Amino acid sequence: MKKLLVHMRTWIRLISLVAIAGLLIVGGVAFIYKPTYSVSLNGEFIGYTKDKSQLQSRINNYIENGDGENIAFVQVDNLPEYTLCLLKKDVETSDDEIFNVVKQSGKAYYKYFAIIDNNEEKLYVATLEEAEKAIAGLKEKNSKNKDDLTIKEKYEAEPKEIVTSEEVISKLYEKVEVKKKTIKSSSSGVYVATKGVNTGKKVAIAVNLIKPISGTVTSRFGSRWGSTHKGIDIGAPKGTGIKAAAAGTVILSAYGYNGGYGNYIVLDNGSGVQTLYGHCTSLNVKVGQKVSQGQIIATVGSTGRSTGNHLHFEIRVNGVVQNPQNYLY
Ligand SMILES: [Zn+2]
């Protein structure tokens, strides 16, 4: 029994010694070495890290979000591999270097919004909000291209120059040209429509008129040969200058037969008044041109349905043909 007790004590002493020795060894190793991960990428060593989980989350965060403006995500073909090893404490770890190597191996994809004008990508902005602001601004300014503008969300490997909504507005704004009211000159078949003939009383007109030519009225206004003569004919030698009866804009200046008028001119004299000059030889003014009262706009001739040199002169008020002799001659 006593022998057994001695035996037990020896054993305890021995176990304690072994345990102390073990702790000393572990402590010594821990003192000199530290647990470290050797990191490699595509089989190549790229550095050591002490804190694997911190480095991993930093890399994952970069892949998901990038680290620059407008980077949508990063594509990395291979993730780094970590191998546990023991290194002496004075060996330097290099999380930043590892991170940079991983970063350079990846491909960043940029996210931005293209402003598209008539199916063409023109400019790029950072956010949908900026894009919408730019288009709203152009619409507000009534830019000519306002209905051709659209937004497209883009993911591209190529970074683009990002501009602000203000820059988009100033660069894409197109002024709407105010179209001048023009009636194209035509060689034949041109006719300025009328809205009837006033064979009754004189109507008041706001425009002061002068005689386009001096001469004798050879055919009066009204019924003639079973139809209505819409103007008066004034005989004059060929080439006599025809004056504008009032200032106005040329709305028709046409060579040709023109339904019998021959070469003729129609002026818009304002206040609903139009004057017409038919059977001319030459026409001196063009459609859209402004003329002053008395200005020579054409010369007398016998073109169209005519049997001799004369001016066929008409006055229309709001489209209704009036008798020129109520005002002149
Ligand atoms: Zn006539």
# chains A, B, ... in the order shown; residues from 1 in each chain; ligands from 1
>>> residues_near_ligand(ligand="ligand 1", cutoff="12 Å", atoms="only C-alpha atoms and all ligand atoms", output="count of residues only")
42
>>> select_by_dssp(residues="region 6-157 of chain A", states="strand (DSSP E)", output="PyMOL selection string")
chain A and resi 33-41+44-49+71-75+81-88+107-117+120-125+149-156
>>> write_last_selection(atoms="N, CA and C atoms", output="short mmCIF file (atom, residue, chain, number, x, y, z; two decimals), in the first residue's frame")
data_model
loop_
_atom_site.label_atom_id
_atom_site.label_comp_id
_atom_site.auth_asym_id
_atom_site.auth_seq_id
_atom_site.Cartn_x
_atom_site.Cartn_y
_atom_site.Cartn_z
N TYR A 33 7.50 33.21 -32.00
CA TYR A 33 6.73 33.12 -33.25
C TYR A 33 5.32 33.62 -33.05
N LYS A 34 4.70 33.89 -34.17
CA LYS A 34 3.29 34.26 -34.10
C LYS A 34 2.57 33.54 -35.25
N PRO A 35 1.28 33.22 -35.10
CA PRO A 35 0.56 32.56 -36.18
C PRO A 35 0.31 33.57 -37.31
N THR A 36 0.72 33.23 -38.49
CA THR A 36 0.67 34.14 -39.63
C THR A 36 0.15 33.36 -40.82
N TYR A 37 -0.46 34.10 -41.77
CA TYR A 37 -0.89 33.45 -43.00
C TYR A 37 -0.01 33.92 -44.15
N SER A 38 0.46 32.96 -44.87
CA SER A 38 1.16 33.25 -46.10
C SER A 38 0.09 33.36 -47.18
N VAL A 39 0.10 34.46 -47.91
CA VAL A 39 -0.96 34.70 -48.89
C VAL A 39 -0.40 34.58 -50.30
N SER A 40 -1.10 33.84 -51.14
CA SER A 40 -0.68 33.74 -52.53
C SER A 40 -1.86 33.98 -53.46
N LEU A 41 -1.54 34.48 -54.63
CA LEU A 41 -2.57 34.74 -55.63
C LEU A 41 -2.12 34.09 -56.93
N GLU A 44 1.19 32.51 -56.76
CA GLU A 44 2.38 33.32 -56.46
C GLU A 44 2.26 33.94 -55.09
N PHE A 45 3.31 33.88 -54.34
CA PHE A 45 3.34 34.47 -53.00
C PHE A 45 3.24 35.99 -53.10
N ILE A 46 2.31 36.55 -52.33
CA ILE A 46 2.19 38.02 -52.41
C ILE A 46 2.34 38.71 -51.06
N GLY A 47 2.49 37.92 -49.98
CA GLY A 47 2.74 38.59 -48.71
C GLY A 47 2.22 37.79 -47.53
N TYR A 48 2.43 38.33 -46.33
CA TYR A 48 1.96 37.70 -45.09
C TYR A 48 0.92 38.59 -44.45
N THR A 49 -0.04 37.93 -43.80
CA THR A 49 -0.98 38.71 -43.00
C THR A 49 -1.18 38.05 -41.65
N ILE A 71 -17.52 53.33 -59.25
CA ILE A 71 -17.19 51.93 -59.48
C ILE A 71 -18.35 51.10 -58.95
N ALA A 72 -18.93 50.34 -59.83
CA ALA A 72 -20.12 49.57 -59.45
C ALA A 72 -19.72 48.29 -58.75
N PHE A 73 -18.77 47.59 -59.32
CA PHE A 73 -18.25 46.37 -58.71
C PHE A 73 -16.92 46.05 -59.38
N VAL A 74 -16.21 45.07 -58.78
CA VAL A 74 -14.90 44.71 -59.31
C VAL A 74 -14.91 43.23 -59.60
N GLN A 75 -14.39 42.92 -60.75
CA GLN A 75 -14.33 41.51 -61.12
C GLN A 75 -12.91 41.00 -60.86
N GLU A 81 -5.15 32.89 -51.73
CA GLU A 81 -5.18 31.70 -50.87
C GLU A 81 -4.33 31.96 -49.63
N TYR A 82 -4.79 31.41 -48.50
CA TYR A 82 -4.13 31.67 -47.22
C TYR A 82 -3.58 30.35 -46.66
N THR A 83 -2.32 30.34 -46.25
CA THR A 83 -1.73 29.16 -45.62
C THR A 83 -1.17 29.56 -44.26
N LEU A 84 -1.63 28.83 -43.23
CA LEU A 84 -1.17 29.14 -41.88
C LEU A 84 0.28 28.72 -41.71
N CYS A 85 1.08 29.59 -41.15
CA CYS A 85 2.47 29.24 -40.87
C CYS A 85 2.94 30.01 -39.64
N LEU A 86 4.05 29.58 -39.10
CA LEU A 86 4.62 30.29 -37.95
C LEU A 86 5.81 31.09 -38.42
N LEU A 87 5.79 32.34 -38.06
CA LEU A 87 6.90 33.20 -38.46
C LEU A 87 7.45 33.87 -37.24
N LYS A 88 8.66 34.25 -37.33
CA LYS A 88 9.25 35.02 -36.25
C LYS A 88 8.53 36.35 -36.17
N LYS A 107 -10.70 43.81 -62.24
CA LYS A 107 -11.15 44.74 -63.27
C LYS A 107 -12.37 45.48 -62.72
N ALA A 108 -12.23 46.79 -62.67
CA ALA A 108 -13.33 47.58 -62.11
C ALA A 108 -14.38 47.85 -63.18
N TYR A 109 -15.62 47.78 -62.77
CA TYR A 109 -16.73 48.15 -63.65
C TYR A 109 -17.37 49.42 -63.12
N TYR A 110 -17.49 50.38 -64.01
CA TYR A 110 -18.01 51.68 -63.61
C TYR A 110 -19.50 51.77 -63.90
N LYS A 111 -20.17 52.43 -63.02
CA LYS A 111 -21.60 52.64 -63.22
C LYS A 111 -21.83 54.12 -63.43
N TYR A 112 -22.58 54.44 -64.48
CA TYR A 112 -22.94 55.83 -64.71
C TYR A 112 -24.17 55.87 -65.59
N PHE A 113 -24.64 57.07 -65.83
CA PHE A 113 -25.86 57.21 -66.61
C PHE A 113 -25.57 58.05 -67.84
N ALA A 114 -25.84 57.44 -68.98
CA ALA A 114 -25.59 58.13 -70.24
C ALA A 114 -26.81 58.97 -70.60
N ILE A 115 -26.54 60.19 -71.05
CA ILE A 115 -27.62 61.03 -71.59
C ILE A 115 -27.60 60.80 -73.09
N ILE A 116 -28.69 60.29 -73.59
CA ILE A 116 -28.75 59.92 -75.00
C ILE A 116 -29.63 60.91 -75.75
N ASP A 117 -29.05 61.45 -76.81
CA ASP A 117 -29.78 62.39 -77.66
C ASP A 117 -29.91 61.73 -79.02
N GLU A 120 -27.87 58.64 -79.57
CA GLU A 120 -26.42 58.76 -79.47
C GLU A 120 -26.02 59.16 -78.05
N GLU A 121 -25.08 58.41 -77.47
CA GLU A 121 -24.62 58.75 -76.12
C GLU A 121 -23.81 60.03 -76.18
N LYS A 122 -24.26 61.02 -75.45
CA LYS A 122 -23.59 62.32 -75.54
C LYS A 122 -22.72 62.59 -74.31
N LEU A 123 -23.32 62.51 -73.13
CA LEU A 123 -22.60 62.85 -71.91
C LEU A 123 -22.97 61.85 -70.82
N TYR A 124 -22.14 61.85 -69.75
CA TYR A 124 -22.36 60.90 -68.68
C TYR A 124 -22.44 61.61 -67.35
N VAL A 125 -23.41 61.19 -66.57
CA VAL A 125 -23.53 61.73 -65.22
C VAL A 125 -23.48 60.59 -64.22
N LEU A 149 -34.36 63.04 -75.92
CA LEU A 149 -33.43 62.72 -74.84
C LEU A 149 -33.91 61.54 -74.00
N THR A 150 -33.00 60.61 -73.74
CA THR A 150 -33.31 59.50 -72.86
C THR A 150 -32.12 59.23 -71.95
N ILE A 151 -32.35 58.39 -70.93
CA ILE A 151 -31.30 58.06 -69.97
C ILE A 151 -31.03 56.56 -70.09
N LYS A 152 -29.75 56.20 -70.01
CA LYS A 152 -29.42 54.78 -70.02
C LYS A 152 -28.41 54.48 -68.92
N GLU A 153 -28.74 53.49 -68.11
CA GLU A 153 -27.83 53.07 -67.04
C GLU A 153 -26.75 52.19 -67.66
N LYS A 154 -25.49 52.51 -67.33
CA LYS A 154 -24.39 51.80 -67.99
C LYS A 154 -23.43 51.18 -66.97
N TYR A 155 -22.96 49.97 -67.29
CA TYR A 155 -21.86 49.35 -66.56
C TYR A 155 -20.77 49.09 -67.57
N GLU A 156 -19.65 49.75 -67.40
CA GLU A 156 -18.59 49.60 -68.38
C GLU A 156 -17.24 49.47 -67.68
#
>>> closest_residue(among="A:Ala247, A:Ile297, A:Ile242, A:Ala193", to="Gly319 (chain A)", atoms="only C-alpha atoms")
A:Ala193
>>> closest_residue(among="A:Asn326, A:Asn258, A:Ala246, A:Ile25", to="Gln295 (chain A)", atoms="only C-alpha atoms")
A:Ala246
>>> residues_around(residues="Asn100 (chain A)", least_positions_apart="6", cutoff="12 Å", atoms="only C-alpha atoms", output="NGL selection string")
:A and (41 or 46-47 or 55 or 58-59 or 62 or 67 or 80 or 94 or 106)
>>> atom_distance(atom1="CA of Ile213 (chain A)", atom2="CA of Thr249 (chain A)")
19.0 Å
>>> residues_around(residues="Asn145 (chain A)", least_positions_apart="3", cutoff="9 Å", atoms="only C-alpha atoms", output="PyMOL selection string")
chain A and resi 117-118+138-139+142+148-149+172-176
>>> select_by_dssp(residues="region 86-302 of chain A", states="helix (DSSP H, G or I)", output="MDAnalysis selection string")
chainID A and resid 95:105 128:140 146:148 165:172 258:260
>>> write_last_selection(atoms="C-alpha atoms", output="short mmCIF file (atom, residue, chain, number, x, y, z; two decimals), in the first residue's frame")
data_model
loop_
_atom_site.label_atom_id
_atom_site.label_comp_id
_atom_site.auth_asym_id
_atom_site.auth_seq_id
_atom_site.Cartn_x
_atom_site.Cartn_y
_atom_site.Cartn_z
CA ASP A 95 -1.89 43.78 -45.69
CA ASP A 96 -1.71 46.92 -47.82
CA GLU A 97 0.61 45.32 -50.36
CA ILE A 98 -1.57 42.22 -50.59
CA PHE A 99 -4.63 44.37 -51.03
CA ASN A 100 -2.99 46.35 -53.81
CA VAL A 101 -1.93 43.22 -55.68
CA VAL A 102 -5.46 41.84 -55.48
CA LYS A 103 -6.83 45.22 -56.56
CA GLN A 104 -4.57 45.35 -59.58
CA SER A 105 -5.55 41.84 -60.62
CA LEU A 128 -30.01 58.81 -62.13
CA GLU A 129 -31.06 61.88 -60.20
CA GLU A 130 -28.47 64.01 -62.04
CA ALA A 131 -29.59 62.59 -65.37
CA GLU A 132 -33.23 63.36 -64.68
CA LYS A 133 -32.32 66.82 -63.50
CA ALA A 134 -30.42 67.49 -66.73
CA ILE A 135 -33.29 66.38 -68.95
CA ALA A 136 -35.84 68.31 -66.92
CA GLY A 137 -33.64 71.39 -67.30
CA LEU A 138 -33.43 71.01 -71.07
CA LYS A 139 -37.18 70.54 -71.30
CA GLU A 140 -37.73 73.61 -69.21
CA LYS A 146 -36.03 67.83 -75.65
CA ASP A 147 -38.12 64.99 -77.03
CA ASP A 148 -35.11 62.99 -78.24
CA SER A 165 -26.45 68.19 -64.78
CA GLU A 166 -25.63 71.87 -65.33
CA GLU A 167 -22.90 70.95 -67.80
CA VAL A 168 -25.28 68.64 -69.62
CA ILE A 169 -27.82 71.42 -69.93
CA SER A 170 -25.34 73.94 -71.26
CA LYS A 171 -23.70 71.49 -73.67
CA LEU A 172 -26.81 69.86 -75.09
CA ASN A 258 -50.80 79.98 -113.00
CA GLY A 259 -54.43 79.36 -113.77
CA GLY A 260 -54.51 82.32 -116.14
#
>>> decode(residues="region 115-132 of chain A", atoms="N, CA and C atoms", output="mmCIF file, in the first residue's frame")
data_model
loop_
_atom_site.group_PDB
_atom_site.id
_atom_site.type_symbol
_atom_site.label_atom_id
_atom_site.label_comp_id
_atom_site.auth_asym_id
_atom_site.auth_seq_id
_atom_site.Cartn_x
_atom_site.Cartn_y
_atom_site.Cartn_z
ATOM 1 N N ILE A 115 -26.541 60.191 -71.049
ATOM 2 C CA ILE A 115 -27.618 61.028 -71.586
ATOM 3 C C ILE A 115 -27.601 60.803 -73.089
ATOM 4 N N ILE A 116 -28.691 60.290 -73.588
ATOM 5 C CA ILE A 116 -28.755 59.922 -74.999
ATOM 6 C C ILE A 116 -29.632 60.907 -75.755
ATOM 7 N N ASP A 117 -29.045 61.446 -76.809
ATOM 8 C CA ASP A 117 -29.778 62.387 -77.659
ATOM 9 C C ASP A 117 -29.912 61.733 -79.023
ATOM 10 N N ASN A 118 -31.149 61.440 -79.382
ATOM 11 C CA ASN A 118 -31.415 60.841 -80.691
ATOM 12 C C ASN A 118 -30.555 59.583 -80.909
ATOM 13 N N ASN A 119 -30.611 58.676 -79.944
ATOM 14 C CA ASN A 119 -29.917 57.375 -79.973
ATOM 15 C C ASN A 119 -28.397 57.469 -79.896
ATOM 16 N N GLU A 120 -27.870 58.635 -79.565
ATOM 17 C CA GLU A 120 -26.419 58.765 -79.472
ATOM 18 C C GLU A 120 -26.025 59.163 -78.051
ATOM 19 N N GLU A 121 -25.078 58.413 -77.470
ATOM 20 C CA GLU A 121 -24.615 58.749 -76.120
ATOM 21 C C GLU A 121 -23.809 60.029 -76.182
ATOM 22 N N LYS A 122 -24.265 61.019 -75.448
ATOM 23 C CA LYS A 122 -23.594 62.317 -75.536
ATOM 24 C C LYS A 122 -22.721 62.589 -74.313
ATOM 25 N N LEU A 123 -23.322 62.511 -73.135
ATOM 26 C CA LEU A 123 -22.595 62.849 -71.913
ATOM 27 C C LEU A 123 -22.965 61.854 -70.822
ATOM 28 N N TYR A 124 -22.144 61.852 -69.753
ATOM 29 C CA TYR A 124 -22.361 60.898 -68.683
ATOM 30 C C TYR A 124 -22.443 61.609 -67.347
ATOM 31 N N VAL A 125 -23.405 61.188 -66.568
ATOM 32 C CA VAL A 125 -23.527 61.734 -65.216
ATOM 33 C C VAL A 125 -23.477 60.585 -64.217
ATOM 34 N N ALA A 126 -23.249 60.951 -62.931
ATOM 35 C CA ALA A 126 -22.996 59.939 -61.916
ATOM 36 C C ALA A 126 -24.249 59.209 -61.454
ATOM 37 N N THR A 127 -25.342 59.940 -61.370
ATOM 38 C CA THR A 127 -26.530 59.327 -60.784
ATOM 39 C C THR A 127 -27.756 59.528 -61.665
ATOM 40 N N LEU A 128 -28.742 58.697 -61.406
ATOM 41 C CA LEU A 128 -30.014 58.813 -62.131
ATOM 42 C C LEU A 128 -30.654 60.168 -61.844
ATOM 43 N N GLU A 129 -30.499 60.598 -60.619
ATOM 44 C CA GLU A 129 -31.056 61.880 -60.204
ATOM 45 C C GLU A 129 -30.470 63.028 -61.034
ATOM 46 N N GLU A 130 -29.141 62.987 -61.234
ATOM 47 C CA GLU A 130 -28.473 64.011 -62.037
ATOM 48 C C GLU A 130 -28.964 63.962 -63.483
ATOM 49 N N ALA A 131 -29.138 62.755 -63.991
ATOM 50 C CA ALA A 131 -29.594 62.586 -65.371
ATOM 51 C C ALA A 131 -30.990 63.171 -65.554
ATOM 52 N N GLU A 132 -31.846 62.868 -64.597
ATOM 53 C CA GLU A 132 -33.226 63.359 -64.682
ATOM 54 C C GLU A 132 -33.281 64.882 -64.541
#
